[in-house]
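Student: For reference, the structure I am asking about is given below.
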Amino acid sequence: MYRGYEAIAAGLLVGMLGLIVGITPPVLNLEESVGLSFLFRLRGAVPVPPSVAVVALDQESADALNLSPNPLKWPRRLHARLAEDLVRRGAAVIVFDVLFNDPTGEYDDGVLARAFAEAGNIVLCEHLRQLAVPLNRGGHVHVEKSIPPMERLAASAIDHAPFPLPKIPLRVSQFWSFKTGAGCRPTLPVLAFQVFAMPAFPDFQSLLESVSPAHAGTFGTYADKEAKGGGRFVAGLREFFEENPAVAKAMLDRLHAEAVPVAPENRGLLEAMIQLYSGPDSLFLNFYGPPGTIVTIPFHRLVNPDSASAGIPDLKGKAVFVGLSETLRPEQRDGFNTVFSKSDGTDLSGVEIAATAFANLLESRTIRPLYSMYFLATVFLFGFVLGITIFLLPVSLSPFGSAGIGLVWLFVAEHRFAAAGTWMPLAVPLLIQTPLGFSARLFWHYRHTRRERENVRKAFGFFLPGKVIDEIIRDIGAARGLASSRQKVFGTVLSSDGEQYTRISEMMHPEELNSFMNRYYESIFLPVAANHGSVSDIIGDSMMAVWASGHSDSSLRRHACRAALDVLRAVEEFNRNSPRFKLNTRIGLHYGELMLGTVGGSGHYEYRPVGDVVNTASRIENLNKHFNTRILASDAVLDGIYEFLTRELGYFMLSGKARPVTVYEIICPIEEADEVQEHLSAVFSEGLKAFGERRWGGAAGLFQEYQRIAGRDAAAAYYLKKCALYKENPPSEEWDGLVHISKT
């Protein structure tokens, strides 16, 4: 009897603990980051609805059509050709997850506008920009401003809608169906769904009339343009169901009872429509699998008349989403961290997530978490049954009992998740209640035995809930498999930094600074991408980019040098267009072996280089301050490369480094150099040679000659001072020309 009371007490204790911790934000976050992710991994990839496909604006298409690596620069007449081809193939709705904010040319814009108008089923994406608006009493509030496509294209499409998603540091697991911060507007997947479902609208009106005749004419006629899926029409549906929740329930009940004649092919659409408009503003994404799971067609296969049409899937009656989509991490520009992000850093693209959201709406198969009351009841019952079971079992069998209950729970949760998208809690039952129940069983057993009293304290201390959570988070192992994905490569690292960023940031309002830096980064990112580099990191006004290969490849070093020159030109253009503030840029380049792979943890990873090359490139960039230069590169970068005019600056031991490095200034491409520049480079080189040979007077004369031709030069002035110093106090006989830079 006493043991039975202990078992009931243990069940109540474990159940109540689940109730207490189950409502705390950290544990709710744990349910999403660990529990939901684990359910997806258990379930694996599933078939995608046949009514959705993606057209990828990818590197393969850029290469095949000889286009810029940046799809935003592709001629819009190609997008028009794509729209015409998709219409010929019978696509039901065509969604462009591409920003058409600015005009590119009268001809191309006109061709695209006509193609959109003739298609009659185009939905466009718009951009949401978050602005910080200052308040009169201090502080600020965040508001979202909609930036629609250019008017000519917007007018030729059915409508346009945003599709905002978090980038970092969050893992994407939800999407907004209606964006409350933007006036409760429908998002891109919702608008696409409504256009796709419009053929079923007459049945929708009949169903509404059968339930509530007074509202039968609320939404106009099918012939109205706004009734063809426009944003105001969708917002009207949303407002109607929010104001009349009983009508939505009655419509679903009548639809399920088949009490009104509805075309069989429309029944699912009607149910999905009603659930969408009467549901929450945000929904959990039911991902179908890793990148590329949704049928994806490269852009060039549909627009290039020379491409073979064999193998292109039937697109009749499908929703086709067009946008950036890459499956190789270095080329990926529009990736979002999700549960199916690969260990090499490859993420799902924005257009794949939009297509996933659309398919979820079409199937009414979004992930459905348990409501708070059911969540807490489920957690309590699990803990109660677990506590009773393991306390009634002998202590030697309690680990097997708790493991068995956990496995049964995991099986039920996975089955419900795979069958109906129901998200049952995992983190609280398996990661908190099960270890606690087992530790409590140990404590109860060993407290009656003096001989094991110390062991009891250790076991209980080990299984305290907080420690259990920490250990399981460390052992769950999302990051352990990532170590094997890292690889040793040869890479060139470009490190850049802007001058006077701190002063500029103090003089600007936050929203102005945000816009200013976005334009600055846009100007310097493009040259990196155009020269086959990948931006690895940005902090403040600093950028790091990398060119890497599994073997030593001089072409990557050439690309990096050319990118550095192109970045300076882009910054000059940026500064010309920004009369109020200038942000000049310094660049450092270094080459060597480094580790390239994913770095991070807790469900979020970044793809970046790691190694001394990164640190040295940053130190070389800082050396620009010392010599008032713009682009400096190590001899490792320029070894065997002769396409650029350079000036050797010296043999340096940089601050904080143990290995010296020879540094050059990259001046310009050799074909752009004039005779004066070439002569100056030769004079400086001769001056360095004389300096290294301890010919102080000859070196000083050459540096003076350099300044006579070039004017005031910080590097020449530096060596003139060194020559005067060493003439009076020569360095030791072992000196080999090395210059120590203690501070830059």
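To be explicit about the labels: the chains of the structure tokens are called A, B, and onward in the order shown, and within each one the residues are counted from 1, while ligands get numbers from 1 in the order they are shown.
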Pull the strand (DSSP E) assignments for stretch 44-217 of chain A out of DSSP run on the backbone, and list those residues as a ChimeraX atom specification.
Tutor: /A:52-57,93-96,122-134,140-147,159-162,174-176,178-179,185-186
Student: Write out the residues from the selection above, keeping C-alpha atoms, as a tab-separated table (two decimals), in the first residue's frame.
Tutor:
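Done, and the output landed in result_16.tsv:
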chain	number	residue	atom	x	y	z
A	52	VAL	CA	3.05	22.94	-57.25
A	53	ALA	CA	6.42	23.40	-58.97
A	54	VAL	CA	9.39	25.76	-58.76
A	55	VAL	CA	11.28	27.46	-61.58
A	56	ALA	CA	14.78	28.13	-60.29
A	57	LEU	CA	16.74	31.27	-61.11
A	93	VAL	CA	-1.16	30.59	-61.34
A	94	ILE	CA	2.36	31.97	-61.80
A	95	VAL	CA	4.02	33.47	-58.73
A	96	PHE	CA	7.17	35.58	-59.14
A	122	ILE	CA	0.42	36.50	-62.36
A	123	VAL	CA	1.05	37.20	-58.67
A	124	LEU	CA	4.07	39.33	-57.75
A	125	CYS	CA	6.13	39.65	-54.61
A	126	GLU	CA	6.57	42.94	-52.80
A	127	HIS	CA	9.19	43.97	-50.28
A	128	LEU	CA	8.52	44.83	-46.63
A	129	ARG	CA	11.02	47.16	-45.04
A	130	GLN	CA	11.10	47.58	-41.27
A	131	LEU	CA	11.59	51.15	-40.14
A	132	ALA	CA	12.35	52.46	-36.65
A	133	VAL	CA	10.19	55.55	-36.08
A	134	PRO	CA	11.36	57.79	-33.19
A	140	HIS	CA	11.16	54.27	-31.11
A	141	VAL	CA	8.62	51.89	-32.55
A	142	HIS	CA	9.07	49.53	-35.48
A	143	VAL	CA	6.71	49.84	-38.42
A	144	GLU	CA	6.68	47.98	-41.70
A	145	LYS	CA	6.56	49.81	-44.99
A	146	SER	CA	5.40	48.03	-48.12
A	147	ILE	CA	7.48	48.55	-51.26
A	159	ASP	CA	-1.94	41.67	-57.37
A	160	HIS	CA	1.18	41.63	-55.25
A	161	ALA	CA	1.88	40.56	-51.68
A	162	PRO	CA	4.83	40.30	-49.27
A	174	GLN	CA	6.40	29.34	-39.36
A	175	PHE	CA	5.01	31.67	-41.98
A	176	TRP	CA	2.53	34.49	-41.83
A	178	PHE	CA	-1.78	37.49	-42.87
A	179	LYS	CA	0.85	40.05	-41.87
A	185	ARG	CA	-2.48	41.96	-45.57
A	186	PRO	CA	-2.41	38.48	-47.12
Student: Pick out the residues sitting within 9 Å of A:Arg557, and hand them over as number ranges by chain; count only C-alpha atoms, and ignore anything fewer than 4 positions along from it in its own chain.
Tutor: A: 491-492, 547, 553, 561-562, 591, 637-638, 641
Student: Pull the closest atom pair for each residue of stretch 499-552 of chain A that gets at most 12 Å from stretch 574-582 of chain A, along with the distance in Å to one decimal, counting only C-alpha atoms, ordering rows by chain and then ascending residue number, as a tab-separated table.
Tutor:
residue	atom	partner	partner_atom	distance
A:Glu499	CA	A:Lys582	CA	8.6
A:Gln500	CA	A:Lys582	CA	8.7
A:Tyr501	CA	A:Lys582	CA	9.2
A:Arg503	CA	A:Phe581	CA	10.1
A:Ile504	CA	A:Phe581	CA	7.2
A:Ser505	CA	A:Phe581	CA	10.2
A:Glu506	CA	A:Phe581	CA	11.9
A:Met507	CA	A:Phe581	CA	9.6
A:Met508	CA	A:Phe581	CA	9.7
A:Glu512	CA	A:Phe581	CA	11.3
A:Leu513	CA	A:Phe581	CA	10.4
A:Ser515	CA	A:Ser578	CA	11.6
A:Phe516	CA	A:Ser578	CA	8.7
A:Met517	CA	A:Phe574	CA	10.8
A:Asn518	CA	A:Phe574	CA	11.4
A:Arg519	CA	A:Phe574	CA	8.0
A:Tyr520	CA	A:Phe574	CA	6.8
A:Tyr521	CA	A:Phe574	CA	9.9
A:Glu522	CA	A:Phe574	CA	9.7
A:Ser523	CA	A:Phe574	CA	6.9
A:Ile524	CA	A:Phe574	CA	9.2
Student: Take the residues from that selection and write them out as a PDB file, in the first residue's frame, keeping C-alpha atoms.
Tutor:
ATOM      1  CA  GLU A 499      36.737  54.630 -42.854  1.00  0.00           C
ATOM      2  CA  GLN A 500      35.007  56.812 -40.243  1.00  0.00           C
ATOM      3  CA  TYR A 501      32.053  54.462 -39.864  1.00  0.00           C
ATOM      4  CA  ARG A 503      31.520  59.032 -36.890  1.00  0.00           C
ATOM      5  CA  ILE A 504      28.945  58.456 -39.614  1.00  0.00           C
ATOM      6  CA  SER A 505      26.831  56.164 -37.427  1.00  0.00           C
ATOM      7  CA  GLU A 506      26.738  58.804 -34.690  1.00  0.00           C
ATOM      8  CA  MET A 507      25.500  61.439 -37.139  1.00  0.00           C
ATOM      9  CA  MET A 508      22.691  59.362 -38.670  1.00  0.00           C
ATOM     10  CA  GLU A 512      18.931  56.429 -42.234  1.00  0.00           C
ATOM     11  CA  LEU A 513      22.014  54.456 -41.232  1.00  0.00           C
ATOM     12  CA  SER A 515      19.357  52.406 -45.524  1.00  0.00           C
ATOM     13  CA  PHE A 516      22.853  53.851 -46.033  1.00  0.00           C
ATOM     14  CA  MET A 517      24.614  50.611 -45.046  1.00  0.00           C
ATOM     15  CA  ASN A 518      22.242  48.458 -47.089  1.00  0.00           C
ATOM     16  CA  ARG A 519      23.112  50.486 -50.182  1.00  0.00           C
ATOM     17  CA  TYR A 520      26.812  50.319 -49.320  1.00  0.00           C
ATOM     18  CA  TYR A 521      26.771  46.553 -48.889  1.00  0.00           C
ATOM     19  CA  GLU A 522      24.740  46.086 -52.045  1.00  0.00           C
ATOM     20  CA  SER A 523      27.423  47.999 -53.963  1.00  0.00           C
ATOM     21  CA  ILE A 524      30.341  45.912 -52.627  1.00  0.00           C
TER      22      ILE A 524
END
Student: Between atom CA of A:Ser534 and atom CA of A:Leu302, what is the spacing in Å?
Tutor: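 Straight-line distance from atom CA of A:Leu302 to atom CA of A:Ser534 works out to 27.9 Å.
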Student: Any idea what the distance is between atom CA of A:Pro199 and atom CA of A:Pro264?
Tutor: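 Here the two named atoms are 12.6 Å from each other.
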Student: Atom CA of A:Arg76 and atom CA of A:Ile297 are how many Å apart?
Tutor: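 Calculated distance between atom CA of A:Arg76 and atom CA of A:Ile297 is 18.5 Å.
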Student: Between A:Leu188, A:Cys723, A:Val676, A:Ile405, which has the minimum distance to A:Gly697 (counting only C-alpha atoms)?
Tutor: A:Cys723
Student: At a cut-off of 7 Å, using only C-alpha atoms, what residues contact A:Val739? Leave out same-chain residues fewer than 3 positions from it and give the result as a list in words.
Tutor: Tyr651, Phe652 and Met653 of chain A
Student: Using N, CA and C atoms, can you export the residues from the last selection as a PDB file, in the first residue's frame?
Tutor:
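And here's selection-v2.pdb as it stands now:
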ATOM      1  N   TYR A 651      58.782  44.049 -46.328  1.00  0.00           N
ATOM      2  CA  TYR A 651      58.804  42.759 -45.650  1.00  0.00           C
ATOM      3  C   TYR A 651      58.499  43.048 -44.187  1.00  0.00           C
ATOM      4  N   PHE A 652      57.286  42.649 -43.718  1.00  0.00           N
ATOM      5  CA  PHE A 652      56.787  43.127 -42.436  1.00  0.00           C
ATOM      6  C   PHE A 652      56.533  41.990 -41.455  1.00  0.00           C
ATOM      7  N   MET A 653      56.755  42.332 -40.187  1.00  0.00           N
ATOM      8  CA  MET A 653      56.244  41.529 -39.080  1.00  0.00           C
ATOM      9  C   MET A 653      55.061  42.316 -38.513  1.00  0.00           C
TER      10      MET A 653
END
Student: For a quick check of understanding, using only C-alpha atoms, which of A:Gly550, A:Pro291, A:Gly110, A:Gly335 has the smallest distance to A:Arg152?
Tutor: A:Gly110
Student: Which residues come within 10 Å of A:Phe116, counting only C-alpha atoms, excluding same-chain residues fewer than 5 positions away, as a list in words?
Tutor: His79, Ala80, Ala83, Glu84, Val87, Ile94, Gly110, Val111, Asn121, Ile122, Val123, Leu124, Leu153, Ala154, Ala155, Ser156, Ala157 and Ile158 of chain A
Student: Restricting the calculation to only C-alpha atoms: of A:Glu643, A:Glu239, A:Glu621, A:Asp203, which residue gets closest to A:Ser655?
Tutor: A:Glu621
Student: Please provide the set of residues having any atom within 10 Å of A:Ser681, restricted to only C-alpha atoms, with same-chain residues fewer than 6 positions apart removed, written as a list in words.
Tutor: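 That gives Leu645, Thr646, Arg647, Glu648, Leu649, Glu665, Ile667, Glu675, Gly687 and Tyr706 of chain A.
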Student: Now that the selection is made, can you save its residues with N, CA and C atoms as a PDB file, in the first residue's frame?
Tutor:
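Listing of again_33.pdb after writing:
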ATOM      1  N   LEU A 645      49.299  45.789 -61.952  1.00  0.00           N
ATOM      2  CA  LEU A 645      50.425  46.633 -61.574  1.00  0.00           C
ATOM      3  C   LEU A 645      50.446  46.719 -60.053  1.00  0.00           C
ATOM      4  N   THR A 646      51.571  46.386 -59.471  1.00  0.00           N
ATOM      5  CA  THR A 646      51.684  46.378 -58.013  1.00  0.00           C
ATOM      6  C   THR A 646      52.896  47.194 -57.581  1.00  0.00           C
ATOM      7  N   ARG A 647      52.897  47.538 -56.321  1.00  0.00           N
ATOM      8  CA  ARG A 647      54.053  48.198 -55.707  1.00  0.00           C
ATOM      9  C   ARG A 647      54.414  47.419 -54.452  1.00  0.00           C
ATOM     10  N   GLU A 648      55.623  46.865 -54.422  1.00  0.00           N
ATOM     11  CA  GLU A 648      56.061  46.162 -53.218  1.00  0.00           C
ATOM     12  C   GLU A 648      56.279  47.184 -52.110  1.00  0.00           C
ATOM     13  N   LEU A 649      55.610  46.943 -50.952  1.00  0.00           N
ATOM     14  CA  LEU A 649      55.716  47.884 -49.838  1.00  0.00           C
ATOM     15  C   LEU A 649      56.723  47.459 -48.787  1.00  0.00           C
ATOM     16  N   GLU A 665      51.057  46.613 -52.723  1.00  0.00           N
ATOM     17  CA  GLU A 665      49.880  47.416 -53.032  1.00  0.00           C
ATOM     18  C   GLU A 665      49.431  47.069 -54.450  1.00  0.00           C
ATOM     19  N   ILE A 667      47.615  48.270 -57.576  1.00  0.00           N
ATOM     20  CA  ILE A 667      47.298  49.609 -58.086  1.00  0.00           C
ATOM     21  C   ILE A 667      46.183  49.564 -59.119  1.00  0.00           C
ATOM     22  N   GLU A 675      52.736  54.885 -68.191  1.00  0.00           N
ATOM     23  CA  GLU A 675      54.196  54.815 -68.041  1.00  0.00           C
ATOM     24  C   GLU A 675      54.644  55.400 -66.709  1.00  0.00           C
ATOM     25  N   GLY A 687      64.196  51.280 -54.505  1.00  0.00           N
ATOM     26  CA  GLY A 687      64.426  51.855 -53.188  1.00  0.00           C
ATOM     27  C   GLY A 687      64.369  50.804 -52.090  1.00  0.00           C
ATOM     28  N   TYR A 706      60.833  59.200 -55.847  1.00  0.00           N
ATOM     29  CA  TYR A 706      59.430  58.766 -55.911  1.00  0.00           C
ATOM     30  C   TYR A 706      58.503  59.908 -55.498  1.00  0.00           C
TER      31      TYR A 706
END
Student: With only C-alpha atoms counted and 12 Å as the cut-off, give the residues of stretch 396-454 of chain A in contact with stretch 266-286 of chain A, each with its shortest interatomic distance in Å and the pair that gives it, as a Markdown table.
Tutor:
| residue | atom | partner | partner_atom | distance |
| --- | --- | --- | --- | --- |
| A:Phe417 | CA | A:Asn286 | CA | 9.8 |
| A:Ala418 | CA | A:Asn286 | CA | 10.0 |
| A:Ala419 | CA | A:Asn286 | CA | 11.9 |
| A:Ala420 | CA | A:Asn286 | CA | 10.5 |
| A:Gly421 | CA | A:Asn286 | CA | 7.4 |
| A:Thr422 | CA | A:Asn286 | CA | 10.3 |
| A:Trp423 | CA | A:Phe284 | CA | 9.9 |
Student: With distances taken over only C-alpha atoms, which residue among A:His532, A:His256, A:Arg569, A:Arg416 lies nearest A:Pro69?
Tutor: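 Closest to A:Pro69, using only C-alpha atoms: A:His532.
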Student: Between A:Pro313, A:Pro50, A:Pro189, A:Pro164, which has the minimum distance to A:Ala357 (counting only C-alpha atoms)?
Tutor: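 The answer is A:Pro189, which sits nearest to A:Ala357.
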Student: Check the DSSP output for the backbone and give back, as a count of residues only, the residues of stretch 237-413 of chain A in helix (DSSP H, G or I).
Tutor: 92
